[in-house]
file final-v1.txt (compact mmCIF, C-alpha atoms and all ligand atoms)
# COMPACT_ATOMS: atom_id res chain seq x y z
CA MET U 161 -2.95 14.48 -7.66
CA SER U 162 -0.08 16.02 -9.66
CA GLY U 163 1.28 17.50 -6.38
CA PHE U 164 2.14 13.99 -5.20
CA PHE U 165 4.32 13.33 -8.23
CA GLU U 166 6.07 16.67 -7.86
CA SER U 167 7.17 16.33 -4.25
CA SER U 168 9.74 14.52 -2.16
CA ILE U 169 11.09 11.05 -3.04
CA MET U 170 8.66 10.64 -5.94
CA ALA U 171 9.82 13.88 -7.58
CA ARG U 172 13.43 12.66 -7.36
CA ALA U 173 12.49 9.24 -8.77
CA VAL U 174 10.77 10.95 -11.72
CA GLN U 175 13.72 13.27 -12.26
CA ARG U 176 16.12 10.31 -12.25
CA GLN U 177 13.81 8.54 -14.74
CA LEU U 178 13.19 5.64 -12.38
CA VAL U 179 9.46 6.29 -12.70
CA SER U 180 7.38 7.91 -15.40
CA TYR U 181 3.69 8.66 -15.17
CA GLU U 182 0.78 10.13 -17.07
CA LEU U 183 -2.37 11.52 -15.48
CA VAL U 184 -5.46 11.12 -17.64
CA ASP U 185 -8.71 12.96 -16.99
CA ILE U 186 -11.60 10.72 -18.05
CA ARG U 187 -13.81 13.77 -18.57
CA ASP U 188 -11.61 14.76 -21.51
CA PHE U 189 -13.01 11.70 -23.27
CA ALA U 190 -16.68 12.49 -22.69
CA ASN U 191 -18.42 13.02 -25.97
CA ASN U 192 -20.98 15.57 -24.81
CA LYS U 193 -21.32 19.27 -24.13
CA HIS U 194 -20.88 19.19 -20.32
CA ASN U 195 -18.23 16.45 -20.23
CA LYS U 196 -20.72 14.27 -18.38
CA CYS U 197 -19.34 10.80 -17.52
CA ASP U 198 -22.02 9.41 -15.20
CA ASP U 199 -25.58 8.14 -15.42
CA GLU U 200 -28.29 6.46 -13.35
CA LEU U 201 -28.16 2.78 -12.43
CA TYR U 202 -30.14 0.24 -14.41
CA GLY U 203 -32.42 -1.56 -12.00
CA GLY U 204 -32.69 1.54 -9.81
CA GLY U 205 -30.87 2.51 -6.65
CA PRO U 206 -29.22 5.60 -5.27
CA GLY U 207 -26.31 7.41 -6.88
CA MET U 208 -24.74 7.52 -10.30
CA LEU U 209 -22.31 5.28 -12.16
CA MET U 210 -19.45 6.14 -14.52
CA THR U 211 -20.52 5.37 -18.08
CA PRO U 212 -18.49 2.95 -20.22
CA GLU U 213 -17.67 4.98 -23.37
CA PRO U 214 -15.40 7.70 -21.89
CA LEU U 215 -13.70 5.10 -19.71
CA ALA U 216 -13.00 2.88 -22.73
CA SER U 217 -11.62 5.81 -24.77
CA ALA U 218 -9.41 6.91 -21.87
CA LEU U 219 -8.13 3.36 -21.38
CA ASP U 220 -7.47 2.94 -25.11
CA SER U 221 -5.51 6.21 -25.09
CA VAL U 222 -3.03 4.71 -22.61
CA GLN U 223 -2.94 1.35 -24.41
CA ALA U 224 -4.52 -0.43 -21.48
CA LYS U 225 -5.26 -3.66 -23.36
CA GLY U 226 -2.29 -6.00 -22.83
CA SER U 227 -1.20 -4.07 -19.71
CA ARG U 228 -2.05 -4.81 -16.13
CA VAL U 229 -5.07 -2.61 -15.38
CA VAL U 230 -5.92 -2.02 -11.73
CA TYR U 231 -9.34 -0.76 -10.74
CA MET U 232 -9.37 0.75 -7.24
CA THR U 233 -12.54 -0.47 -5.51
CA PRO U 234 -13.63 -1.39 -1.98
CA GLY U 235 -15.02 -4.55 -3.56
CA GLY U 236 -11.58 -5.76 -4.65
CA ARG U 237 -8.78 -7.92 -3.26
CA LEU U 238 -7.16 -6.41 -0.19
CA PHE U 239 -3.88 -4.63 -0.97
CA ASN U 240 -0.78 -5.51 1.04
CA GLN U 241 3.02 -5.41 0.85
CA GLN U 242 3.21 -8.66 -1.12
CA TYR U 243 0.74 -7.26 -3.66
CA ALA U 244 2.86 -4.08 -3.86
CA ARG U 245 5.95 -6.20 -4.62
CA ASP U 246 4.03 -8.07 -7.30
CA LEU U 247 2.95 -4.82 -9.00
CA ALA U 248 6.45 -3.33 -8.69
CA ALA U 249 7.63 -6.06 -11.09
CA GLU U 250 5.41 -4.67 -13.87
CA GLU U 251 6.85 -2.48 -16.62
CA HIS U 252 3.59 -0.57 -17.19
CA LEU U 253 0.61 -0.19 -14.88
CA VAL U 254 -2.73 1.45 -15.58
CA ILE U 255 -4.70 2.51 -12.51
CA LEU U 256 -8.36 3.32 -12.86
CA CYS U 257 -10.04 5.51 -10.24
CA GLY U 258 -13.78 5.46 -9.71
CA ARG U 259 -16.13 8.20 -8.60
CA TYR U 260 -19.82 8.18 -7.61
CA GLU U 261 -20.97 4.56 -7.12
CA GLY U 262 -18.13 3.26 -9.27
CA ILE U 263 -17.88 2.15 -12.90
CA ASP U 264 -19.94 0.11 -15.36
CA GLN U 265 -19.23 -3.62 -14.95
CA ARG U 266 -18.56 -4.06 -18.68
CA ILE U 267 -15.40 -1.95 -18.37
CA ILE U 268 -14.23 -4.20 -15.56
CA ASP U 269 -14.98 -7.26 -17.69
CA THR U 270 -13.17 -5.87 -20.74
CA TYR U 271 -10.10 -4.12 -19.36
CA VAL U 272 -9.48 -4.73 -15.67
CA THR U 273 -6.98 -7.38 -14.57
CA ASP U 274 -6.91 -6.51 -10.85
CA GLU U 275 -9.68 -5.12 -8.63
CA ILE U 276 -7.91 -3.79 -5.54
CA SER U 277 -9.16 -2.43 -2.24
CA ILE U 278 -6.85 -0.54 0.12
CA GLY U 279 -8.97 -1.38 3.17
CA ASP U 280 -12.37 -2.17 4.57
CA TYR U 281 -13.80 1.33 4.34
CA VAL U 282 -15.38 3.39 1.58
CA LEU U 283 -13.64 6.49 0.20
CA SER U 284 -15.44 8.99 -1.98
CA SER U 285 -13.05 8.61 -4.90
CA GLY U 286 -10.44 6.24 -6.27
CA GLU U 287 -7.68 8.86 -6.49
CA VAL U 288 -6.81 8.70 -2.79
CA ALA U 289 -6.69 4.91 -2.97
CA ALA U 290 -4.57 5.01 -6.14
CA LEU U 291 -2.02 7.33 -4.50
CA THR U 292 -1.72 4.89 -1.62
CA LEU U 293 -1.06 2.07 -4.04
CA VAL U 294 1.41 4.07 -6.15
CA ASP U 295 3.28 5.17 -3.04
CA ALA U 296 3.64 1.61 -1.77
CA VAL U 297 4.77 0.33 -5.20
CA TYR U 298 7.21 2.92 -6.54
CA ARG U 299 9.42 2.94 -3.43
CA LEU U 300 10.13 -0.75 -4.13
CA LEU U 301 11.52 -0.01 -7.60
CA PRO U 302 15.28 -0.50 -7.87
CA GLY U 303 17.21 2.66 -7.00
CA VAL U 304 14.35 4.63 -5.44
CA ILE U 305 15.21 3.78 -1.82
CA THR U 306 18.32 1.94 -0.61
CA GLY U 307 17.67 -1.79 -0.19
CA GLU U 308 18.81 -1.85 3.44
CA SER U 309 16.15 0.53 4.68
CA LEU U 310 13.48 -1.56 2.94
CA GLU U 311 14.68 -4.85 4.40
CA GLU U 312 13.80 -4.12 8.02
CA GLU U 313 10.45 -2.45 7.45
CA SER U 314 7.10 -3.70 8.63
CA PHE U 315 5.76 -6.71 6.69
CA GLU U 316 9.18 -7.62 5.31
CA ASP U 317 9.67 -11.06 6.81
CA GLY U 318 5.98 -11.03 7.82
CA LEU U 319 6.45 -9.01 11.04
CA LEU U 320 5.81 -5.43 12.13
CA GLU U 321 8.75 -3.11 12.75
CA TYR U 322 10.51 -2.79 16.12
CA PRO U 323 10.30 0.46 18.17
CA GLN U 324 12.87 3.05 17.08
CA TYR U 325 14.67 5.83 18.96
CA THR U 326 16.94 8.73 18.08
CA ARG U 327 18.78 11.45 20.05
CA PRO U 328 18.54 12.55 22.80
CA ALA U 329 19.17 9.41 24.88
CA VAL U 330 16.91 10.85 27.60
CA TYR U 331 13.79 12.71 26.58
CA ASP U 332 11.40 14.07 29.21
CA THR U 333 12.80 11.51 31.73
CA MET U 334 12.27 8.65 29.26
CA GLN U 335 15.45 6.71 28.54
CA VAL U 336 16.33 4.91 25.32
CA PRO U 337 16.59 1.15 26.15
CA ASP U 338 20.13 0.35 27.38
CA VAL U 339 20.65 -2.40 24.83
CA LEU U 340 20.45 0.12 21.95
CA LEU U 341 23.27 2.16 23.53
CA SER U 342 25.42 -0.91 24.21
CA GLY U 343 26.93 -1.20 20.74
CA HIS U 344 26.48 -5.00 21.04
CA HIS U 345 25.18 -5.89 17.58
CA ALA U 346 23.90 -9.41 18.38
CA ASN U 347 22.04 -8.24 21.49
CA ILE U 348 20.51 -5.34 19.56
CA GLN U 349 19.32 -7.73 16.83
CA ALA U 350 17.85 -10.11 19.40
CA TRP U 351 16.05 -7.24 21.20
CA ARG U 352 14.65 -5.90 17.93
CA TYR U 353 13.43 -9.33 16.86
CA LYS U 354 11.66 -9.83 20.19
CA LYS U 355 10.06 -6.40 19.93
CA ARG U 356 8.89 -7.13 16.39
CA LEU U 357 7.25 -10.32 17.60
CA GLU U 358 5.73 -8.56 20.58
CA LYS U 359 4.21 -5.84 18.42
CA THR U 360 2.96 -8.29 15.80
CA LEU U 361 1.37 -10.42 18.49
CA LEU U 362 -0.33 -7.35 19.95
CA TYR U 363 -1.65 -5.70 16.79
CA ARG U 364 -1.53 -8.30 14.02
CA PRO U 365 -1.61 -11.85 15.37
CA ASP U 366 -3.03 -12.88 11.97
CA LEU U 367 0.44 -12.30 10.47
CA LEU U 368 1.92 -14.93 12.78
CA SER U 369 -0.69 -17.58 12.15
CA GLY U 370 0.49 -18.34 8.62
CA ARG U 371 4.14 -18.55 9.70
CA GLY U 372 6.08 -21.75 10.33
CA LEU U 373 7.09 -21.39 13.99
CA ASP U 374 10.40 -23.02 14.92
CA ASN U 375 11.01 -24.01 18.57
CA GLU U 376 12.88 -20.84 19.40
CA LEU U 377 10.12 -18.64 18.00
CA ARG U 378 7.43 -20.68 19.75
CA LYS U 379 9.33 -20.26 23.05
CA LEU U 380 9.61 -16.52 22.54
CA ILE U 381 5.91 -16.18 21.77
CA ASP U 382 5.00 -18.30 24.82
CA GLU U 383 7.18 -16.05 26.98
CA LEU U 384 5.49 -12.94 25.62
CA LEU U 385 2.05 -14.44 26.18
CA VAL U 386 2.98 -15.29 29.79
CA GLN U 387 4.21 -11.71 30.30
CA ARG U 388 0.88 -10.44 29.02
CA GLY U 389 -1.07 -12.94 31.12
CA GLU U 390 -2.55 -14.69 28.11
CA ALA U 391 -0.94 -18.11 28.46
N1 LIG U 401 -20.45 1.80 -4.52
C1 LIG U 401 -19.13 1.37 -4.18
C2 LIG U 401 -19.19 0.20 -3.22
O1 LIG U 401 -20.08 0.18 -2.35
O2 LIG U 401 -18.33 -0.69 -3.31
C3 LIG U 401 -18.35 2.50 -3.53
C4 LIG U 401 -17.97 3.58 -4.50
S1 LIG U 401 -16.91 4.78 -3.79
C5 LIG U 401 -18.04 5.92 -3.10
C6 LIG U 401 -16.26 5.64 -5.17
C7 LIG U 401 -14.90 5.16 -5.65
O3 LIG U 401 -13.94 5.32 -4.63
C8 LIG U 401 -14.81 3.72 -6.08
O4 LIG U 401 -15.23 3.51 -7.39
C9 LIG U 401 -13.34 3.44 -5.91
O5 LIG U 401 -12.60 3.81 -7.08
C10 LIG U 401 -12.94 4.34 -4.76
N2 LIG U 401 -12.79 3.63 -3.47
C11 LIG U 401 -13.57 3.82 -2.38
N3 LIG U 401 -13.16 3.07 -1.35
C12 LIG U 401 -12.09 2.38 -1.78
C13 LIG U 401 -11.25 1.41 -1.17
N4 LIG U 401 -11.41 0.99 0.09
N5 LIG U 401 -10.23 0.89 -1.90
C14 LIG U 401 -10.04 1.28 -3.19
N6 LIG U 401 -10.83 2.19 -3.82
C15 LIG U 401 -11.85 2.74 -3.13

call {"tool": "encode", "arguments": {"input": "final-v1.txt", "output": "structure tokens"}}
result
Amino acid sequence: MSGFFESSIMARAVQRQLVSYELVDIRDFANNKHNKCDDELYGGGPGMLMTPEPLASALDSVQAKGSRVVYMTPGGRLFNQQYARDLAAEEHLVILCGRYEGIDQRIIDTYVTDEISIGDYVLSSGEVAALTLVDAVYRLLPGVITGESLEEESFEDGLLEYPQYTRPAVYDTMQVPDVLLSGHHANIQAWRYKKRLEKTLLYRPDLLSGRGLDNELRKLIDELLVQRGEA
């Protein structure tokens, strides 16, 4: 986990004091000989659950009460870019990672403000999920990445990103679309917008359904549907 904070853009953000972090090992707060932090489930069932006492001590050590405390869990609210923006506005975030079958409900009831899932699948530990969340959030903090490169990314403006090309202009007989070589800014913007719509329609039509569609947009979508034989 520490490797993530010591590499690439994150390492620079830490060095420039745009982000600070503390990694806490819950096992350090276990009050027993083998640092055991799990036990069987009341009511029966397979697997083990993280016990409340070490979790509470670990959370108290980072002054979790009064802070936003996120518990990573497949049973939580689905994470997305809007959620990342919301968390990026926080001064202090505590992120709790589960193991085994998860954590005792009383810790969720006492400390947790947000139960967050990164997707409809089950990972074996919360750390991988937490890194995903941290990565999505910290790059939105002022100064970490230039604003312009964030503005045109997927999900900004509720659409997926347009296809992108770099040199060479011809690769393995495949040519970069002419419009991108034309230098005509307005045409490039129009092409990119159409491609964003096309891609969103193909992979994430759900993103378009909540969007107010003006006439021009409706026309464009109808055209794309006709092209794809769906109208
Ligand atoms: N018994 C849990 C359930 O069915 O919901 C799954 C526990 S999972 C094996 C162990 C830990 O991985 C969880 O406590 C959580 O911290 C983390 N985890 C697994 N999948 C996740 C997901 N999709 N999003 C966020 N955290 C996840």

call {"tool": "atom_distance", "arguments": {"input": "final-v1.txt", "atom1": "atom CA of Pro328 of chain U", "atom2": "atom CA of Glu313 of chain U"}}
result
22.9 Å

call {"tool": "atom_distance", "arguments": {"input": "final-v1.txt", "atom1": "atom CA of Arg172 of chain U", "atom2": "atom CA of Ala296 of chain U"}}
result
15.8 Å

call {"tool": "residues_near_ligand", "arguments": {"input": "final-v1.txt", "ligand": "ligand LIG 401 (chain U)", "cutoff": "12 Å", "atoms": "all atoms listed in the file", "output": "ChimeraX atom specification"}}
result
/U:198,201,205-210,230-240,255-265,268,274-293

call {"tool": "residues_around", "arguments": {"input": "final-v1.txt", "residues": "Val174 of chain U", "least_positions_apart": "2", "cutoff": "12 Å", "atoms": "only C-alpha atoms", "output": "ChimeraX atom specification"}}
result
/U:164-172,176-182,298-299,301,303-304

call {"tool": "residues_around", "arguments": {"input": "final-v1.txt", "residues": "Arg187 of chain U", "least_positions_apart": "5", "cutoff": "9 Å", "atoms": "all atoms listed in the file", "output": "list in words"}}
result
Asn195, Lys196, Cys197, Pro214, Leu215 and Ala218 of chain U

call {"tool": "axis_aligned_box", "arguments": {"input": "final-v1.txt", "around": "segment 315-329 of chain U", "padding_each_side": "3 Å", "output": "AutoDock Vina command-line options"}}
result
--center_x 12.5 --center_y 0.7 --center_z 15.1 --size_x 19.4 --size_y 29.6 --size_z 25.6

call {"tool": "residues_near_point", "arguments": {"input": "final-v1.txt", "point": "(20.5, -0.9, 26.3)", "cutoff": "12 Å", "atoms": "only C-alpha atoms", "output": "PyMOL selection string"}}
result
chain U and resi 325+329+335-345+347-352

call {"tool": "atom_distance", "arguments": {"input": "final-v1.txt", "atom1": "atom CA of Thr273 of chain U", "atom2": "atom CA of Leu247 of chain U"}}
result
11.7 Å

call {"tool": "closest_residue", "arguments": {"input": "final-v1.txt", "among": "U:Ala346, U:Arg378, U:Val254, U:Ser314", "to": "Thr360 of chain U", "atoms": "only C-alpha atoms"}}
result
U:Ser314

call {"tool": "residues_around", "arguments": {"input": "final-v1.txt", "residues": "Lys225 of chain U", "least_positions_apart": "6", "cutoff": "12 Å", "atoms": "only C-alpha atoms", "output": "ChimeraX atom specification"}}
result
/U:216-219,252-254,267-273

call {"tool": "closest_residue", "arguments": {"input": "final-v1.txt", "among": "U:Ser221, U:Glu200, U:Ala249, U:Leu373", "to": "Leu183 of chain U", "atoms": "all atoms listed in the file"}}
result
U:Ser221

call {"tool": "closest_residue", "arguments": {"input": "final-v1.txt", "among": "U:Gly307, U:Asp295, U:Glu376, U:Pro365", "to": "Leu320 of chain U", "atoms": "only C-alpha atoms"}}
result
U:Pro365

call {"tool": "closest_residue", "arguments": {"input": "final-v1.txt", "among": "U:Glu213, U:Ser162, U:Glu321, U:Ala248", "to": "Asp188 of chain U", "atoms": "all atoms listed in the file"}}
result
U:Glu213

call {"tool": "decode", "arguments": {"input": "final-v1.txt", "residues": "segment 233-295 of chain U", "atoms": "C-alpha atoms", "output": "PDB file, in the first residue's frame"}}
result
ATOM      1  CA  THR U 233     -17.686  -2.470   1.181  1.00  0.00           C
ATOM      2  CA  PRO U 234     -19.437  -4.148  -1.750  1.00  0.00           C
ATOM      3  CA  GLY U 235     -22.636  -3.470   0.187  1.00  0.00           C
ATOM      4  CA  GLY U 236     -22.206   0.306  -0.037  1.00  0.00           C
ATOM      5  CA  ARG U 237     -23.238   3.133  -2.354  1.00  0.00           C
ATOM      6  CA  LEU U 238     -21.641   2.865  -5.780  1.00  0.00           C
ATOM      7  CA  PHE U 239     -18.611   5.133  -6.187  1.00  0.00           C
ATOM      8  CA  ASN U 240     -18.444   7.470  -9.172  1.00  0.00           C
ATOM      9  CA  GLN U 241     -16.805  10.701 -10.340  1.00  0.00           C
ATOM     10  CA  GLN U 242     -19.398  12.882  -8.604  1.00  0.00           C
ATOM     11  CA  TYR U 243     -18.761  11.032  -5.342  1.00  0.00           C
ATOM     12  CA  ALA U 244     -15.002  11.536  -5.865  1.00  0.00           C
ATOM     13  CA  ARG U 245     -15.587  15.295  -6.267  1.00  0.00           C
ATOM     14  CA  ASP U 246     -17.671  15.335  -3.112  1.00  0.00           C
ATOM     15  CA  LEU U 247     -14.929  13.598  -1.097  1.00  0.00           C
ATOM     16  CA  ALA U 248     -12.220  15.835  -2.605  1.00  0.00           C
ATOM     17  CA  ALA U 249     -13.883  18.765  -0.819  1.00  0.00           C
ATOM     18  CA  GLU U 250     -13.131  17.211   2.592  1.00  0.00           C
ATOM     19  CA  GLU U 251     -10.193  18.392   4.679  1.00  0.00           C
ATOM     20  CA  HIS U 252      -9.688  15.015   6.391  1.00  0.00           C
ATOM     21  CA  LEU U 253     -10.855  11.578   5.296  1.00  0.00           C
ATOM     22  CA  VAL U 254     -10.615   8.292   7.157  1.00  0.00           C
ATOM     23  CA  ILE U 255     -10.868   5.178   4.993  1.00  0.00           C
ATOM     24  CA  LEU U 256     -11.554   1.857   6.625  1.00  0.00           C
ATOM     25  CA  CYS U 257     -10.609  -1.347   4.803  1.00  0.00           C
ATOM     26  CA  GLY U 258     -12.224  -4.658   5.633  1.00  0.00           C
ATOM     27  CA  ARG U 259     -10.842  -8.174   5.459  1.00  0.00           C
ATOM     28  CA  TYR U 260     -12.474 -11.600   5.845  1.00  0.00           C
ATOM     29  CA  GLU U 261     -16.280 -11.199   5.742  1.00  0.00           C
ATOM     30  CA  GLY U 262     -16.025  -7.545   6.726  1.00  0.00           C
ATOM     31  CA  ILE U 263     -16.423  -5.684  10.025  1.00  0.00           C
ATOM     32  CA  ASP U 264     -18.755  -5.752  13.019  1.00  0.00           C
ATOM     33  CA  GLN U 265     -21.903  -3.704  12.341  1.00  0.00           C
ATOM     34  CA  ARG U 266     -21.514  -1.739  15.586  1.00  0.00           C
ATOM     35  CA  ILE U 267     -18.379  -0.067  14.206  1.00  0.00           C
ATOM     36  CA  ILE U 268     -20.343   0.968  11.129  1.00  0.00           C
ATOM     37  CA  ASP U 269     -23.120   2.322  13.351  1.00  0.00           C
ATOM     38  CA  THR U 270     -20.706   4.258  15.579  1.00  0.00           C
ATOM     39  CA  TYR U 271     -18.086   5.656  13.218  1.00  0.00           C
ATOM     40  CA  VAL U 272     -18.902   5.234   9.544  1.00  0.00           C
ATOM     41  CA  THR U 273     -20.455   8.114   7.592  1.00  0.00           C
ATOM     42  CA  ASP U 274     -20.150   6.591   4.098  1.00  0.00           C
ATOM     43  CA  GLU U 275     -20.314   2.944   3.028  1.00  0.00           C
ATOM     44  CA  ILE U 276     -18.824   2.861  -0.469  1.00  0.00           C
ATOM     45  CA  SER U 277     -18.555   0.152  -3.092  1.00  0.00           C
ATOM     46  CA  ILE U 278     -16.242   0.532  -6.094  1.00  0.00           C
ATOM     47  CA  GLY U 279     -18.279  -1.890  -8.207  1.00  0.00           C
ATOM     48  CA  ASP U 280     -20.552  -4.892  -8.321  1.00  0.00           C
ATOM     49  CA  TYR U 281     -17.927  -7.503  -7.555  1.00  0.00           C
ATOM     50  CA  VAL U 282     -16.306  -8.811  -4.389  1.00  0.00           C
ATOM     51  CA  LEU U 283     -12.616  -8.209  -3.669  1.00  0.00           C
ATOM     52  CA  SER U 284     -10.770 -10.078  -0.965  1.00  0.00           C
ATOM     53  CA  SER U 285      -9.745  -6.948   0.916  1.00  0.00           C
ATOM     54  CA  GLY U 286     -10.658  -3.288   1.242  1.00  0.00           C
ATOM     55  CA  GLU U 287      -7.152  -1.999   0.503  1.00  0.00           C
ATOM     56  CA  VAL U 288      -7.454  -2.399  -3.270  1.00  0.00           C
ATOM     57  CA  ALA U 289     -10.817  -0.638  -3.192  1.00  0.00           C
ATOM     58  CA  ALA U 290      -9.432   2.150  -0.975  1.00  0.00           C
ATOM     59  CA  LEU U 291      -6.540   2.785  -3.376  1.00  0.00           C
ATOM     60  CA  THR U 292      -9.027   3.130  -6.214  1.00  0.00           C
ATOM     61  CA  LEU U 293     -10.984   5.677  -4.219  1.00  0.00           C
ATOM     62  CA  VAL U 294      -7.887   7.607  -3.099  1.00  0.00           C
ATOM     63  CA  ASP U 295      -6.571   7.706  -6.653  1.00  0.00           C
TER      64      ASP U 295
END
